[in-house]
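Reading through the structure tokens given below for one structure.
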Amino acid sequence: MKLEKITFCPNGDEPVEFFVLEQTRISGVNYILVTDFEEGDGEALILKDMSKDDEPESVYAIVDDDNELKAVAGVFEDLLEDVKFV
């Protein structure tokens with residue numbers, strides 16, 4: 001399966017590419033699960049869409065609140081049978 005690749009430009013730094021494993025919407029907020037490698041084990045991040053609905057580009061932030069991270073990680077684990085967060 002070919003994964004969608006997205007490019008982030010964090011704080012004007014060098015662009016960073018990630019592969020999107022899954023996306024979901026919880027309580028009106030979009031979340032994406034991304035990884036740095038298309039295949040095999042890689043670093044995974046859960047990102048939260050911080051942009052408003054009428055903005056042309058999405059602005060994502062890493063989910064760092066422990067309760068939010070645990071809840072969203074549980075949803076992604078349910079959506080993707082072969083993903084476990086440690």
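Numbering starts fresh at 1 for the residues of each chain in the structure tokens, the chains themselves are lettered A, B, ... in the order given, and ligands are numbered from 1 as they appear.
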Those of chain A in DSSP strand (DSSP E or B), formatted as number ranges by chain: A: 4-8, 16-26, 29-35, 44-49, 60-62
Selection near Phe19 in chain A, 8 Å with only C-alpha atoms, sequence-local residues under 3 positions removed, as JSON, numbers by chain: {"A": [3, 4, 5, 6, 34, 35, 36, 37, 38]}
Suppose we keep C-alpha atoms; can you now write the selection as a PDB file, in the first residue's frame?
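Just written: part37.pdb:
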ATOM      1  CA  LEU A   3       1.209   5.959   1.801  1.00  0.00           C
ATOM      2  CA  GLU A   4       0.469   9.631   1.278  1.00  0.00           C
ATOM      3  CA  LYS A   5       3.528  11.795   1.885  1.00  0.00           C
ATOM      4  CA  ILE A   6       3.187  15.251   3.414  1.00  0.00           C
ATOM      5  CA  VAL A  34       2.455  10.066  10.766  1.00  0.00           C
ATOM      6  CA  THR A  35       5.757   8.214  10.553  1.00  0.00           C
ATOM      7  CA  ASP A  36       9.177   8.999   9.166  1.00  0.00           C
ATOM      8  CA  PHE A  37       9.542   5.672   7.293  1.00  0.00           C
ATOM      9  CA  GLU A  38       7.146   4.295   4.694  1.00  0.00           C
TER      10      GLU A  38
END
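Closest to Glu39 in chain A among A:Thr24, A:Lys70, A:Phe18, A:Phe8 is A:Phe18, based on only C-alpha atoms.
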Of the listed residues A:Leu21, A:Cys9, A:Ile62, A:Val16, that which approaches Gly42 in chain A most closely, counting only C-alpha atoms: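 Among the listed residues, the smallest separation from Gly42 in chain A belongs to A:Leu21.
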Exercise: Met50 in chain A partners within 8 Å, only C-alpha atoms, chain neighbours under 2 positions left out, as a PyMOL selection string: chain A and resi 48+52+58-61
Selection export as a tab-separated table (two decimals), in the first residue's frame, atoms kept: C-alpha atoms:
chain	number	residue	atom	x	y	z
A	48	LYS	CA	-3.51	17.75	15.81
A	52	LYS	CA	-9.62	26.95	11.41
A	58	SER	CA	-3.60	23.08	7.78
A	59	VAL	CA	-1.42	23.90	10.76
A	60	TYR	CA	-0.46	20.87	12.84
A	61	ALA	CA	0.99	20.57	16.32
Those of range 10-75 of chain A in DSSP helix (DSSP H, G or I), formatted as number ranges by chain: A: 10-12, 66-75
With C-alpha atoms retained, could you export that selection as an mmCIF file, in the first residue's frame?
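Listing of again.cif after writing:
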data_model
loop_
_atom_site.group_PDB
_atom_site.id
_atom_site.type_symbol
_atom_site.label_atom_id
_atom_site.label_comp_id
_atom_site.auth_asym_id
_atom_site.auth_seq_id
_atom_site.Cartn_x
_atom_site.Cartn_y
_atom_site.Cartn_z
ATOM 1 C CA PRO A 10 8.356 23.682 11.192
ATOM 2 C CA ASN A 11 8.982 27.279 12.251
ATOM 3 C CA GLY A 12 10.597 28.139 8.923
ATOM 4 C CA ASP A 66 -0.840 13.003 28.137
ATOM 5 C CA ASN A 67 -4.605 12.493 28.452
ATOM 6 C CA GLU A 68 -5.318 13.632 24.894
ATOM 7 C CA LEU A 69 -2.416 11.555 23.552
ATOM 8 C CA LYS A 70 -3.622 8.418 25.330
ATOM 9 C CA ALA A 71 -7.190 8.859 24.058
ATOM 10 C CA VAL A 72 -6.220 9.545 20.448
ATOM 11 C CA ALA A 73 -3.589 6.766 20.441
ATOM 12 C CA GLY A 74 -6.324 4.351 21.547
ATOM 13 C CA VAL A 75 -8.478 5.373 18.582
#
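Proximity to Arg25 in chain A at 12 Å, evaluated using only C-alpha atoms and with sequence-adjacent residues fewer than 4 positions away removed, yields Val29, Asn30, Tyr31, Ile32, Leu33, Leu47, Lys48, Asp49, Val72, Val75 and Phe76 of chain A.
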Output C-alpha atoms for every residue in the selection just made, as an mmCIF file, in the first residue's frame.
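Result went into selection14.cif, see below:
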data_model
loop_
_atom_site.group_PDB
_atom_site.id
_atom_site.type_symbol
_atom_site.label_atom_id
_atom_site.label_comp_id
_atom_site.auth_asym_id
_atom_site.auth_seq_id
_atom_site.Cartn_x
_atom_site.Cartn_y
_atom_site.Cartn_z
ATOM 1 C CA VAL A 29 -10.811 18.041 15.701
ATOM 2 C CA ASN A 30 -8.725 16.356 12.975
ATOM 3 C CA TYR A 31 -5.783 14.174 13.982
ATOM 4 C CA ILE A 32 -3.223 12.401 11.804
ATOM 5 C CA LEU A 33 -0.817 9.613 12.640
ATOM 6 C CA LEU A 47 -0.505 15.545 15.104
ATOM 7 C CA LYS A 48 -3.513 17.752 15.815
ATOM 8 C CA ASP A 49 -4.911 20.140 13.203
ATOM 9 C CA VAL A 72 -6.220 9.545 20.448
ATOM 10 C CA VAL A 75 -8.478 5.373 18.582
ATOM 11 C CA PHE A 76 -5.578 4.867 16.164
#
Interatomic distance, CA of Leu80 in chain A to CA of Gln23 in chain A (Å, one decimal): 10.5 Å
Å distance separating CA of Glu22 in chain A from CA of Glu55 in chain A, one decimal place: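 A separation of 21.8 Å between them.
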